[in-house]
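Asker: Just my_file34.txt, nothing more (compact mmCIF, C-alpha atoms):
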# COMPACT_ATOMS: atom_id res chain seq x y z
CA MET A 688 93.51 38.38 171.27
CA LYS A 689 91.06 41.15 170.40
CA ALA A 690 90.00 42.47 167.05
CA THR A 691 87.94 45.42 165.87
CA VAL A 692 86.17 45.39 162.53
CA LEU A 693 85.06 48.65 160.94
CA VAL A 694 82.39 48.20 158.30
CA ARG A 695 81.60 51.16 156.05
CA PRO A 696 79.21 51.81 153.18
CA LYS A 697 81.32 51.63 150.03
CA GLN A 698 82.28 54.82 148.25
CA GLY A 699 79.62 55.81 145.77
CA ILE A 700 76.80 54.15 147.71
CA LEU A 701 74.16 56.60 148.88
CA ASP A 702 74.28 56.73 152.69
CA PRO A 703 71.13 58.56 153.86
CA GLN A 704 72.11 58.07 157.52
CA GLY A 705 75.42 59.81 156.87
CA ASP A 706 73.60 62.63 155.07
CA ALA A 707 71.21 63.05 158.02
CA VAL A 708 74.14 63.19 160.45
CA GLU A 709 75.91 65.71 158.24
CA THR A 710 72.81 67.94 158.17
CA ALA A 711 72.32 67.65 161.95
CA LEU A 712 75.96 68.57 162.59
CA GLY A 713 75.46 71.55 160.30
CA HIS A 714 72.49 72.65 162.43
CA LEU A 715 74.74 72.50 165.50
CA GLY A 716 77.14 74.91 163.81
CA PHE A 717 79.82 72.39 162.81
CA SER A 718 81.18 72.65 159.33
CA VAL A 719 81.26 69.06 158.05
CA ALA A 720 81.91 68.31 154.40
CA HIS A 721 80.89 64.69 154.39
CA ALA A 722 79.64 62.17 156.97
CA ARG A 723 79.31 58.42 156.48
CA VAL A 724 77.86 56.04 159.05
CA GLY A 725 79.12 52.47 159.43
CA LYS A 726 79.37 49.76 162.07
CA VAL A 727 81.92 48.55 164.60
CA VAL A 728 82.23 44.89 165.57
CA ASP A 729 84.50 44.07 168.55
CA LEU A 730 85.65 40.48 168.80
CA GLU A 731 87.60 38.39 171.28
CA LEU A 732 89.45 35.64 169.48
CA ASP A 733 90.93 32.36 170.41
CA ALA A 734 94.20 33.02 168.56
CA SER A 735 97.73 33.76 169.72
CA ASP A 736 99.33 34.92 166.49
CA PRO A 737 98.30 38.34 165.12
CA GLY A 738 98.68 37.20 161.52
CA GLU A 739 96.50 34.18 162.10
CA ALA A 740 93.95 36.34 163.95
CA ARG A 741 93.82 38.80 161.06
CA ALA A 742 93.36 36.02 158.51
CA GLN A 743 90.52 34.57 160.61
CA VAL A 744 88.75 37.92 160.96
CA GLU A 745 89.10 38.65 157.25
CA ARG A 746 87.36 35.36 156.51
CA MET A 747 84.60 36.38 158.93
CA CYS A 748 84.21 39.68 157.09
CA GLU A 749 84.00 38.01 153.70
CA GLN A 750 81.48 35.42 154.87
CA LEU A 751 79.27 37.40 157.22
CA LEU A 752 80.34 40.68 158.76
CA ALA A 753 80.35 42.72 155.54
CA ASN A 754 78.50 42.44 152.25
CA PRO A 755 81.25 43.12 149.70
CA LEU A 756 78.74 44.49 147.18
CA ILE A 757 77.84 47.46 149.40
CA GLU A 758 80.38 47.59 152.22
CA SER A 759 84.13 47.84 152.74
CA TYR A 760 85.85 46.77 155.93
CA ASP A 761 89.03 47.34 157.94
CA VAL A 762 90.41 44.96 160.54
CA GLU A 763 92.43 46.05 163.57
CA ILE A 764 94.14 43.44 165.75
CA HIS A 765 94.98 44.35 169.36
CA GLY A 766 97.52 42.24 171.25
CA MET B 1056 41.36 13.42 136.08
CA ALA B 1057 41.26 16.09 138.74
CA SER B 1058 44.28 18.36 138.56
CA PRO B 1059 46.51 17.85 141.58
CA GLN B 1060 46.94 20.53 144.20
CA PRO B 1061 50.51 21.77 143.91
CA ARG B 1062 52.49 21.77 147.14
CA VAL B 1063 54.00 25.18 147.90
CA GLY B 1064 56.23 25.52 150.96
CA VAL B 1065 56.55 28.64 153.12
CA VAL B 1066 59.67 28.84 155.28
CA THR B 1067 59.30 30.21 158.80
CA TYR B 1068 62.45 31.71 160.29
CA PRO B 1069 62.66 33.10 163.81
CA GLY B 1070 61.22 36.58 163.26
CA SER B 1071 59.26 35.76 160.09
CA GLN B 1072 56.04 37.69 160.13
CA ASP B 1073 54.12 37.12 156.93
CA ASP B 1074 54.44 33.35 156.81
CA ARG B 1075 50.82 32.84 157.89
CA ASP B 1076 49.50 35.35 155.36
CA ALA B 1077 51.50 33.60 152.65
CA LEU B 1078 50.15 30.18 153.71
CA TRP B 1079 46.62 31.58 153.75
CA ALA B 1080 46.95 33.28 150.35
CA LEU B 1081 48.42 30.18 148.69
CA ALA B 1082 45.64 27.99 150.11
CA ALA B 1083 43.05 30.55 148.93
CA LEU B 1084 44.53 30.17 145.44
CA ASP B 1085 44.12 26.42 145.58
CA ALA B 1086 47.63 25.30 146.50
CA GLU B 1087 48.43 22.96 149.34
CA ALA B 1088 50.38 25.37 151.52
CA VAL B 1089 53.10 23.56 153.46
CA PRO B 1090 54.80 25.20 156.46
CA VAL B 1091 58.57 24.61 156.54
CA TRP B 1092 60.53 25.21 159.75
CA HIS B 1093 63.90 26.96 159.42
CA GLU B 1094 65.74 24.05 161.05
CA GLU B 1095 64.72 21.61 158.30
CA ARG B 1096 67.82 20.38 156.48
CA GLU B 1097 65.75 18.89 153.70
CA LEU B 1098 62.64 20.32 152.15
CA PRO B 1099 59.56 18.11 152.02
CA ASP B 1100 58.27 17.18 148.56
CA LEU B 1101 57.41 20.62 147.10
CA ASP B 1102 56.58 22.17 143.74
CA ALA B 1103 57.55 25.71 144.80
CA VAL B 1104 58.87 27.58 147.85
CA VAL B 1105 58.09 31.01 149.27
CA LEU B 1106 60.42 32.88 151.63
CA PRO B 1107 58.09 35.25 153.48
CA GLY B 1108 58.47 38.76 154.83
CA GLY B 1109 59.35 39.74 158.36
CA PHE B 1110 62.52 40.33 160.35
CA SER B 1111 64.35 37.01 160.32
CA TYR B 1112 66.83 36.80 163.20
CA GLY B 1113 65.88 40.36 164.15
CA ASP B 1114 67.44 41.70 160.93
CA TYR B 1115 70.66 41.86 162.97
CA LEU B 1116 73.83 42.91 161.18
CA ARG B 1117 72.03 43.27 157.79
CA CYS B 1118 68.57 42.16 156.71
CA GLY B 1119 68.78 38.51 155.69
CA ALA B 1120 72.47 38.16 156.63
CA ILE B 1121 71.89 35.56 159.34
CA ALA B 1122 68.96 33.72 157.70
CA ARG B 1123 71.28 33.04 154.81
CA PHE B 1124 73.07 30.45 156.97
CA SER B 1125 70.00 28.67 158.29
CA PRO B 1126 69.59 24.98 157.36
CA ALA B 1127 66.36 25.63 155.44
CA THR B 1128 68.09 28.27 153.31
CA ALA B 1129 70.72 25.71 152.28
CA ALA B 1130 67.89 23.36 151.28
CA VAL B 1131 66.20 26.18 149.34
CA ARG B 1132 69.46 26.85 147.52
CA GLU B 1133 69.64 23.21 146.42
CA PHE B 1134 66.00 23.36 145.36
CA ALA B 1135 66.66 26.51 143.28
CA ASP B 1136 69.85 25.08 141.77
CA ALA B 1137 67.79 22.10 140.58
CA GLY B 1138 65.41 24.51 138.82
CA GLY B 1139 62.76 24.71 141.57
CA LEU B 1140 60.55 27.80 141.77
CA VAL B 1141 61.48 30.15 144.62
CA LEU B 1142 59.71 33.42 145.45
CA GLY B 1143 61.20 35.69 148.11
CA ILE B 1144 58.94 38.44 149.42
CA CYS B 1145 60.40 41.46 151.24
CA ASN B 1146 62.65 39.87 153.89
CA GLY B 1147 62.65 36.78 151.66
CA PHE B 1148 64.04 38.95 148.83
CA GLN B 1149 66.71 40.28 151.20
CA ILE B 1150 67.65 36.72 152.19
CA LEU B 1151 67.92 35.61 148.54
CA CYS B 1152 70.21 38.58 147.77
CA GLU B 1153 72.40 37.88 150.81
CA ALA B 1154 72.55 34.22 149.79
CA GLY B 1155 73.70 35.19 146.30
CA LEU B 1156 70.67 33.57 144.66
CA LEU B 1157 69.61 36.99 143.36
CA PRO B 1158 71.73 39.95 142.26
CA GLY B 1159 72.08 43.14 144.26
CA ALA B 1160 71.42 44.13 147.85
CA LEU B 1161 68.64 45.95 149.72
CA LEU B 1162 69.66 49.07 151.60
CA GLN B 1163 67.90 51.42 153.97
CA ASN B 1164 65.24 53.53 152.23
CA GLU B 1165 66.50 56.79 150.82
CA THR B 1166 64.14 58.77 153.08
CA LEU B 1167 65.20 56.80 156.22
CA ARG B 1168 61.47 56.23 156.74
CA PHE B 1169 59.58 52.96 156.91
CA VAL B 1170 57.15 52.93 153.98
CA CYS B 1171 53.84 51.18 154.44
CA ARG B 1172 51.31 51.82 151.66
CA ASP B 1173 49.85 50.55 148.42
CA VAL B 1174 52.17 51.26 145.50
CA PRO B 1175 51.57 51.07 141.77
CA LEU B 1176 53.90 48.65 140.00
CA VAL B 1177 54.65 48.02 136.35
CA VAL B 1178 55.13 44.44 135.17
CA GLU B 1179 58.06 44.26 132.77
CA ARG B 1180 57.75 40.67 131.60
CA ASN B 1181 55.30 37.81 131.77
CA ASP B 1182 57.33 34.96 130.31
CA ILE B 1183 58.47 33.69 133.71
CA PRO B 1184 56.41 31.50 136.06
CA PHE B 1185 55.70 34.31 138.54
CA THR B 1186 53.94 36.79 136.25
CA SER B 1187 52.29 34.66 133.57
CA ARG B 1188 48.86 36.00 134.52
CA CYS B 1189 49.95 39.62 134.01
CA ALA B 1190 50.28 41.54 130.77
CA VAL B 1191 53.58 43.21 129.88
CA GLY B 1192 53.32 46.86 130.90
CA GLN B 1193 50.34 46.16 133.15
CA ARG B 1194 50.06 48.43 136.19
CA ILE B 1195 49.14 46.58 139.35
CA VAL B 1196 48.76 47.80 142.93
CA ILE B 1197 50.36 45.86 145.78
CA PRO B 1198 51.32 47.12 149.26
CA VAL B 1199 54.89 47.56 150.47
CA LYS B 1200 55.99 47.73 154.11
CA HIS B 1201 59.71 48.01 154.62
CA GLY B 1202 62.50 50.13 156.02
CA ASP B 1203 65.25 48.53 153.93
CA GLY B 1204 63.88 48.17 150.42
CA ARG B 1205 66.23 50.29 148.35
CA TRP B 1206 67.56 47.80 145.84
CA TYR B 1207 71.11 48.51 144.72
CA ALA B 1208 73.58 46.99 142.31
CA PRO B 1209 76.63 48.56 140.67
CA PRO B 1210 75.96 50.18 137.24
CA GLU B 1211 77.66 47.39 135.27
CA VAL B 1212 75.48 44.78 137.01
CA VAL B 1213 72.33 46.84 136.35
CA ARG B 1214 73.25 47.05 132.64
CA GLU B 1215 73.69 43.29 132.49
CA LEU B 1216 70.38 42.67 134.28
CA GLU B 1217 68.54 45.04 131.96
CA ALA B 1218 70.06 43.29 128.94
CA ASN B 1219 68.97 39.91 130.33
CA ARG B 1220 65.48 41.32 131.20
CA GLN B 1221 65.91 40.32 134.83
CA VAL B 1222 64.05 43.35 136.16
CA VAL B 1223 60.57 41.85 136.45
CA VAL B 1224 58.65 44.57 138.31
CA ARG B 1225 59.35 48.30 138.74
CA TYR B 1226 57.76 50.88 140.99
CA GLY B 1227 55.33 53.09 139.07
CA GLU B 1228 56.17 56.03 141.34
CA PRO B 1229 59.08 56.84 143.67
CA CYS B 1230 59.03 54.46 146.64
CA ASN B 1231 62.36 53.94 148.38
CA GLY B 1232 65.15 55.13 146.08
CA SER B 1233 65.79 51.79 144.36
CA VAL B 1234 68.18 51.90 141.42
CA ALA B 1235 66.16 51.82 138.17
CA ASP B 1236 62.97 51.72 140.30
CA VAL B 1237 63.50 48.00 140.80
CA ALA B 1238 60.74 46.38 142.87
CA GLY B 1239 61.53 42.81 141.82
CA VAL B 1240 64.35 40.96 140.07
CA CYS B 1241 64.78 37.38 138.97
CA ASN B 1242 67.85 35.23 138.40
CA GLU B 1243 69.09 34.61 134.87
CA ARG B 1244 67.29 31.29 134.65
CA GLY B 1245 63.98 32.88 135.73
CA ASN B 1246 63.13 30.35 138.46
CA VAL B 1247 63.96 32.61 141.44
CA LEU B 1248 62.18 35.94 141.98
CA GLY B 1249 62.55 38.51 144.73
CA LEU B 1250 59.83 41.12 145.33
CA MET B 1251 59.75 43.93 147.87
CA PRO B 1252 55.95 44.41 147.58
CA HIS B 1253 53.74 41.87 149.34
CA PRO B 1254 51.42 39.96 146.97
CA GLU B 1255 50.18 37.83 149.89
CA HIS B 1256 48.60 40.95 151.42
CA ALA B 1257 46.65 41.70 148.23
CA VAL B 1258 44.74 38.54 147.44
CA ASP B 1259 41.29 39.53 148.73
CA PRO B 1260 39.61 42.70 147.36
CA LEU B 1261 38.40 43.39 150.90
CA LEU B 1262 41.97 44.48 151.69
CA GLY B 1263 42.02 47.11 148.95
CA SER B 1264 43.55 45.24 146.05
CA ALA B 1265 43.56 41.69 144.76
CA ASP B 1266 46.41 42.28 142.32
CA GLY B 1267 48.76 40.19 144.45
CA ALA B 1268 46.71 37.19 143.38
CA LEU B 1269 47.97 37.72 139.81
CA VAL B 1270 51.49 36.99 141.01
CA LEU B 1271 50.69 34.18 143.44
CA ALA B 1272 48.18 32.49 141.10
CA SER B 1273 50.85 32.54 138.37
CA LEU B 1274 53.18 30.80 140.82
CA VAL B 1275 50.53 28.25 141.86
CA GLU B 1276 49.72 27.53 138.21
CA ALA B 1277 53.38 26.98 137.35
CA ALA B 1278 53.75 24.76 140.43
CA ARG B 1279 50.70 22.77 139.31
CA GLU B 1280 52.25 22.23 135.86
CA ARG B 1281 55.37 20.95 137.55
CA ALA B 1282 53.36 18.65 139.81
CA LEU B 1283 51.54 17.26 136.76
CA ALA B 1284 54.79 16.74 134.87
CA LEU B 1285 56.03 14.56 137.73
CA ILE B 1286 53.02 12.24 137.67
Written as structure tokens, how would this file's structure read?
Answerer:
Amino acid sequence: MKATVLVRPKQGILDPQGDAVETALGHLGFSVAHARVGKVVDLELDASDPGEARAQVERMCEQLLANPLIESYDVEIHG
Amino acid sequence: MASPQPRVGVVTYPGSQDDRDALWALAALDAEAVPVWHEERELPDLDAVVLPGGFSYGDYLRCGAIARFSPATAAVREFADAGGLVLGICNGFQILCEAGLLPGALLQNETLRFVCRDVPLVVERNDIPFTSRCAVGQRIVIPVKHGDGRWYAPPEVVRELEANRQVVVRYGEPCNGSVADVAGVCNERGNVLGLMPHPEHAVDPLLGSADGALVLASLVEAARERALALI
């Protein structure tokens, strides 16, 4: 079973990378109101049940993949 | 009776960079500097521990996020919980924050640039073992060199830290965008301090400033008192 974790800077946290991307997109002529830059972690899991896989990945996020003080995360499970 | 040399450990993680400077500086200030390998599950007999700067485990994922799980970090946590003196410098500060031994987190500098220069700092308190040789309000100059030194904590946490006087050192001029200009914070008990500036690089006046010795000599002195108390 595969999982994708999206880690984002929490709302309200200054994200200078996102601001730089926003400015660069502006220079290219795109009208972008707000850009935030996060991380993607792709995982292959030894689990057969999607619920169990999700629970496992959420524990990974809490313990290592995200720092809850500064980051939020979303977990996607793919069959 | 000759006063004993306090034993101060310096942990080397894969990717630590300033461990040798820290060992040198502590020895120059009359401590017995003891190298500690990251795989050690138990610390040797020590009176204080320093977590040095560098890029432990390549700074992968987040600075300090992997070092937090190393065996030596677990031993340092036990040491700190028992009241032992722990100083984290730069990457060491990041590790202590990730490990939950210090409040807050260190984010990428506001400017997205690596800063490497001497910075003026203001000492906010001198009633903890790390700054006893400084005066309150004293301006000292110590170099920084980091890409991820912007200390952050949510407003309610910052209010609590200010009320508890846990902000020990602030930048005297804008440096990296840290909330409340925080350059160093301690835990509530005052036995664990994290500093982004590098006192170990400012111990000999030949290198531009010897103000780092004020911090490290305070630590060595406190470690010596602890060593004496154990005799």
Asker: Please identify all polymer residues within 12 Å of Cys748 (chain A), counting only C-alpha atoms, omitting same-chain residues fewer than 4 positions from it, and present them as a PyMOL selection string.
Answerer: (chain A and resi 690-695+727-728+730+741-744+752-755+758-762) or (chain B and resi 1116+1120)
Asker: For those residues, write C-alpha atoms to a file as a PDB file, in the coordinates of the input.
Answerer:
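Result file out.pdb:
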ATOM      1  CA  ALA A 690      90.000  42.470 167.050  1.00  0.00           C
ATOM      2  CA  THR A 691      87.940  45.420 165.870  1.00  0.00           C
ATOM      3  CA  VAL A 692      86.170  45.390 162.530  1.00  0.00           C
ATOM      4  CA  LEU A 693      85.060  48.650 160.940  1.00  0.00           C
ATOM      5  CA  VAL A 694      82.390  48.200 158.300  1.00  0.00           C
ATOM      6  CA  ARG A 695      81.600  51.160 156.050  1.00  0.00           C
ATOM      7  CA  VAL A 727      81.920  48.550 164.600  1.00  0.00           C
ATOM      8  CA  VAL A 728      82.230  44.890 165.570  1.00  0.00           C
ATOM      9  CA  LEU A 730      85.650  40.480 168.800  1.00  0.00           C
ATOM     10  CA  ARG A 741      93.820  38.800 161.060  1.00  0.00           C
ATOM     11  CA  ALA A 742      93.360  36.020 158.510  1.00  0.00           C
ATOM     12  CA  GLN A 743      90.520  34.570 160.610  1.00  0.00           C
ATOM     13  CA  VAL A 744      88.750  37.920 160.960  1.00  0.00           C
ATOM     14  CA  LEU A 752      80.340  40.680 158.760  1.00  0.00           C
ATOM     15  CA  ALA A 753      80.350  42.720 155.540  1.00  0.00           C
ATOM     16  CA  ASN A 754      78.500  42.440 152.250  1.00  0.00           C
ATOM     17  CA  PRO A 755      81.250  43.120 149.700  1.00  0.00           C
ATOM     18  CA  GLU A 758      80.380  47.590 152.220  1.00  0.00           C
ATOM     19  CA  SER A 759      84.130  47.840 152.740  1.00  0.00           C
ATOM     20  CA  TYR A 760      85.850  46.770 155.930  1.00  0.00           C
ATOM     21  CA  ASP A 761      89.030  47.340 157.940  1.00  0.00           C
ATOM     22  CA  VAL A 762      90.410  44.960 160.540  1.00  0.00           C
TER      23      VAL A 762
ATOM     24  CA  LEU B1116      73.830  42.910 161.180  1.00  0.00           C
ATOM     25  CA  ALA B1120      72.470  38.160 156.630  1.00  0.00           C
TER      26      ALA B1120
END
Asker: Using all atoms listed in the file, can you tell me which of A:Leu756, A:Ala722, A:Leu701, A:Ile764 comes closest to Ala740 (chain A)?
Answerer: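 Of A:Leu756, A:Ala722, A:Leu701, A:Ile764, the one nearest Ala740 (chain A), counting all atoms listed in the file, is A:Ile764.
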Asker: Counting only C-alpha atoms, which residues of chain B fall within 12 Å of chain A, and what is the closest atom pair for each with its distance in Å at one decimal, ordered by chain and rising number, as a tab-separated table?
Answerer:
residue	atom	partner	partner_atom	distance
B:Tyr1115	CA	A:Leu752	CA	10.6
B:Leu1116	CA	A:Leu752	CA	7.3
B:Arg1117	CA	A:Asn754	CA	8.6
B:Cys1118	CA	A:Asn754	CA	10.9
B:Gly1119	CA	A:Leu751	CA	10.7
B:Ala1120	CA	A:Leu751	CA	6.9
B:Ile1121	CA	A:Leu751	CA	7.9
B:Ala1122	CA	A:Leu751	CA	11.0
B:Arg1123	CA	A:Leu751	CA	9.4
B:Phe1124	CA	A:Leu751	CA	9.3
B:Cys1152	CA	A:Asn754	CA	10.2
B:Glu1153	CA	A:Asn754	CA	7.8
B:Ala1154	CA	A:Gln750	CA	10.3
B:Gly1155	CA	A:Asn754	CA	10.5
B:Pro1158	CA	A:Leu756	CA	9.7
B:Gly1159	CA	A:Leu756	CA	7.4
B:Ala1160	CA	A:Leu756	CA	7.4
B:Leu1161	CA	A:Ile757	CA	9.3
B:Leu1162	CA	A:Ile757	CA	8.6
B:Gln1163	CA	A:Pro703	CA	7.8
B:Asn1164	CA	A:Pro703	CA	7.9
B:Glu1165	CA	A:Pro703	CA	5.8
B:Thr1166	CA	A:Pro703	CA	7.0
B:Leu1167	CA	A:Pro703	CA	6.6
B:Arg1168	CA	A:Pro703	CA	10.3
B:Asp1203	CA	A:Pro703	CA	11.6
B:Arg1205	CA	A:Leu701	CA	10.1
B:Trp1206	CA	A:Ile757	CA	10.9
B:Tyr1207	CA	A:Ile757	CA	8.3
B:Ala1208	CA	A:Leu756	CA	7.5
B:Pro1209	CA	A:Leu756	CA	8.0
B:Pro1210	CA	A:Gly699	CA	10.9
B:Val1212	CA	A:Leu756	CA	10.7
B:Asn1231	CA	A:Pro703	CA	11.3
B:Gly1232	CA	A:Leu701	CA	9.5
B:Ser1233	CA	A:Leu701	CA	10.7
B:Val1234	CA	A:Leu701	CA	10.7
Asker: Please compute the CA of Ala1103 (chain B)-CA of Ala1278 (chain B) distance, one decimal, in Å.
Answerer: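 A separation of 5.9 Å between them.
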Asker: Counting only C-alpha atoms, figure out which residue out of B:Val1091, B:Cys1230, B:Val1213, B:Leu1140 gets nearest to Leu1078 (chain B).
Answerer: B:Val1091
Asker: Tell me, in Å to one decimal, how far CA of Ala711 (chain A) is from CA of Lys697 (chain A).
Answerer: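 Separating CA of Ala711 (chain A) from CA of Lys697 (chain A) is a distance of 21.9 Å.
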Asker: As an exercise, work out the distance from CA of His1256 (chain B) to CA of Leu1084 (chain B) in Å and give it to one decimal place.
Answerer: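 According to the coordinates, CA of His1256 (chain B) and CA of Leu1084 (chain B) are separated by 13.0 Å.
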Asker: For Gln1060 (chain B), work out the shell of residues within 7 Å, counting all atoms listed in the file and skipping chain neighbours fewer than 3 positions away, then give it as a list of chain:residue names.
Answerer: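 Once the adjacent positions are removed, what remains is B:Asp1085, B:Ala1086, B:Glu1087, B:Arg1279.
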Asker: Fewer than 4 positions away in the same chain doesn't count, so skip those; otherwise give me all residues within 7 Å of Ser1071 (chain B), counting all atoms listed in the file, as a list in words.
Answerer: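 My reading of the contact set: Thr1067, Pro1107, Gly1108, Gly1109, Phe1110 and Ser1111 of chain B.
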Asker: Once you have the residues from the selection above, write them out as a CSV table (one decimal), keeping the file's coordinate frame, restricted to C-alpha atoms.
Answerer:
chain,number,residue,atom,x,y,z
B,1067,THR,CA,59.3,30.2,158.8
B,1107,PRO,CA,58.1,35.2,153.5
B,1108,GLY,CA,58.5,38.8,154.8
B,1109,GLY,CA,59.4,39.7,158.4
B,1110,PHE,CA,62.5,40.3,160.4
B,1111,SER,CA,64.4,37.0,160.3
Asker: Would you please work out which residue, of B:Leu1271, B:Val1104, B:Ala1277, B:Pro1229, is nearest to Asp1182 (chain B) when using only C-alpha atoms?
Answerer: B:Ala1277
Asker: Given only C-alpha atoms as the basis, pick out the residue of B:Ala1265, B:Asn1242, B:Leu1106, B:Asn1146 nearest to Glu1217 (chain B).
Answerer: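 Ranked by minimum distance to Glu1217 (chain B), first place goes to B:Asn1242.
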Asker: Since the input is missing atoms for region 1265-1281 of chain B, could you rebuild it with N, CA and C atoms and give the result as a PDB file, keeping the file's coordinate frame?
Answerer:
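Output below, filename result.pdb:
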ATOM      1  N   ALA B1265      43.353  43.123 144.900  1.00  0.00           N
ATOM      2  CA  ALA B1265      43.560  41.690 144.760  1.00  0.00           C
ATOM      3  C   ALA B1265      44.613  41.413 143.696  1.00  0.00           C
ATOM      4  N   ASP B1266      45.409  42.436 143.383  1.00  0.00           N
ATOM      5  CA  ASP B1266      46.410  42.280 142.320  1.00  0.00           C
ATOM      6  C   ASP B1266      47.527  41.312 142.706  1.00  0.00           C
ATOM      7  N   GLY B1267      47.735  41.136 144.008  1.00  0.00           N
ATOM      8  CA  GLY B1267      48.760  40.190 144.450  1.00  0.00           C
ATOM      9  C   GLY B1267      48.441  38.776 144.000  1.00  0.00           C
ATOM     10  N   ALA B1268      47.129  38.521 143.828  1.00  0.00           N
ATOM     11  CA  ALA B1268      46.710  37.190 143.380  1.00  0.00           C
ATOM     12  C   ALA B1268      47.214  36.894 141.971  1.00  0.00           C
ATOM     13  N   LEU B1269      47.441  37.951 141.166  1.00  0.00           N
ATOM     14  CA  LEU B1269      47.970  37.720 139.810  1.00  0.00           C
ATOM     15  C   LEU B1269      49.342  37.052 139.907  1.00  0.00           C
ATOM     16  N   VAL B1270      50.145  37.536 140.843  1.00  0.00           N
ATOM     17  CA  VAL B1270      51.490  36.990 141.010  1.00  0.00           C
ATOM     18  C   VAL B1270      51.424  35.588 141.630  1.00  0.00           C
ATOM     19  N   LEU B1271      50.702  35.466 142.733  1.00  0.00           N
ATOM     20  CA  LEU B1271      50.690  34.180 143.440  1.00  0.00           C
ATOM     21  C   LEU B1271      49.949  33.102 142.642  1.00  0.00           C
ATOM     22  N   ALA B1272      48.878  33.491 141.913  1.00  0.00           N
ATOM     23  CA  ALA B1272      48.180  32.490 141.100  1.00  0.00           C
ATOM     24  C   ALA B1272      49.064  32.037 139.941  1.00  0.00           C
ATOM     25  N   SER B1273      49.892  32.948 139.418  1.00  0.00           N
ATOM     26  CA  SER B1273      50.850  32.540 138.370  1.00  0.00           C
ATOM     27  C   SER B1273      51.789  31.481 138.938  1.00  0.00           C
ATOM     28  N   LEU B1274      52.261  31.741 140.168  1.00  0.00           N
ATOM     29  CA  LEU B1274      53.180  30.800 140.820  1.00  0.00           C
ATOM     30  C   LEU B1274      52.493  29.450 141.054  1.00  0.00           C
ATOM     31  N   VAL B1275      51.259  29.500 141.560  1.00  0.00           N
ATOM     32  CA  VAL B1275      50.530  28.250 141.860  1.00  0.00           C
ATOM     33  C   VAL B1275      50.299  27.462 140.559  1.00  0.00           C
ATOM     34  N   GLU B1276      49.958  28.196 139.502  1.00  0.00           N
ATOM     35  CA  GLU B1276      49.720  27.530 138.210  1.00  0.00           C
ATOM     36  C   GLU B1276      50.989  26.846 137.706  1.00  0.00           C
ATOM     37  N   ALA B1277      52.109  27.563 137.801  1.00  0.00           N
ATOM     38  CA  ALA B1277      53.380  26.980 137.350  1.00  0.00           C
ATOM     39  C   ALA B1277      53.746  25.781 138.217  1.00  0.00           C
ATOM     40  N   ALA B1278      53.464  25.886 139.521  1.00  0.00           N
ATOM     41  CA  ALA B1278      53.750  24.760 140.430  1.00  0.00           C
ATOM     42  C   ALA B1278      52.863  23.576 140.064  1.00  0.00           C
ATOM     43  N   ARG B1279      51.614  23.859 139.676  1.00  0.00           N
ATOM     44  CA  ARG B1279      50.700  22.770 139.310  1.00  0.00           C
ATOM     45  C   ARG B1279      51.215  22.053 138.055  1.00  0.00           C
ATOM     46  N   GLU B1280      51.692  22.844 137.079  1.00  0.00           N
ATOM     47  CA  GLU B1280      52.250  22.230 135.860  1.00  0.00           C
ATOM     48  C   GLU B1280      53.405  21.316 136.201  1.00  0.00           C
ATOM     49  N   ARG B1281      54.217  21.781 137.155  1.00  0.00           N
ATOM     50  CA  ARG B1281      55.370  20.950 137.550  1.00  0.00           C
ATOM     51  C   ARG B1281      54.909  19.688 138.264  1.00  0.00           C
TER      52      ARG B1281
END
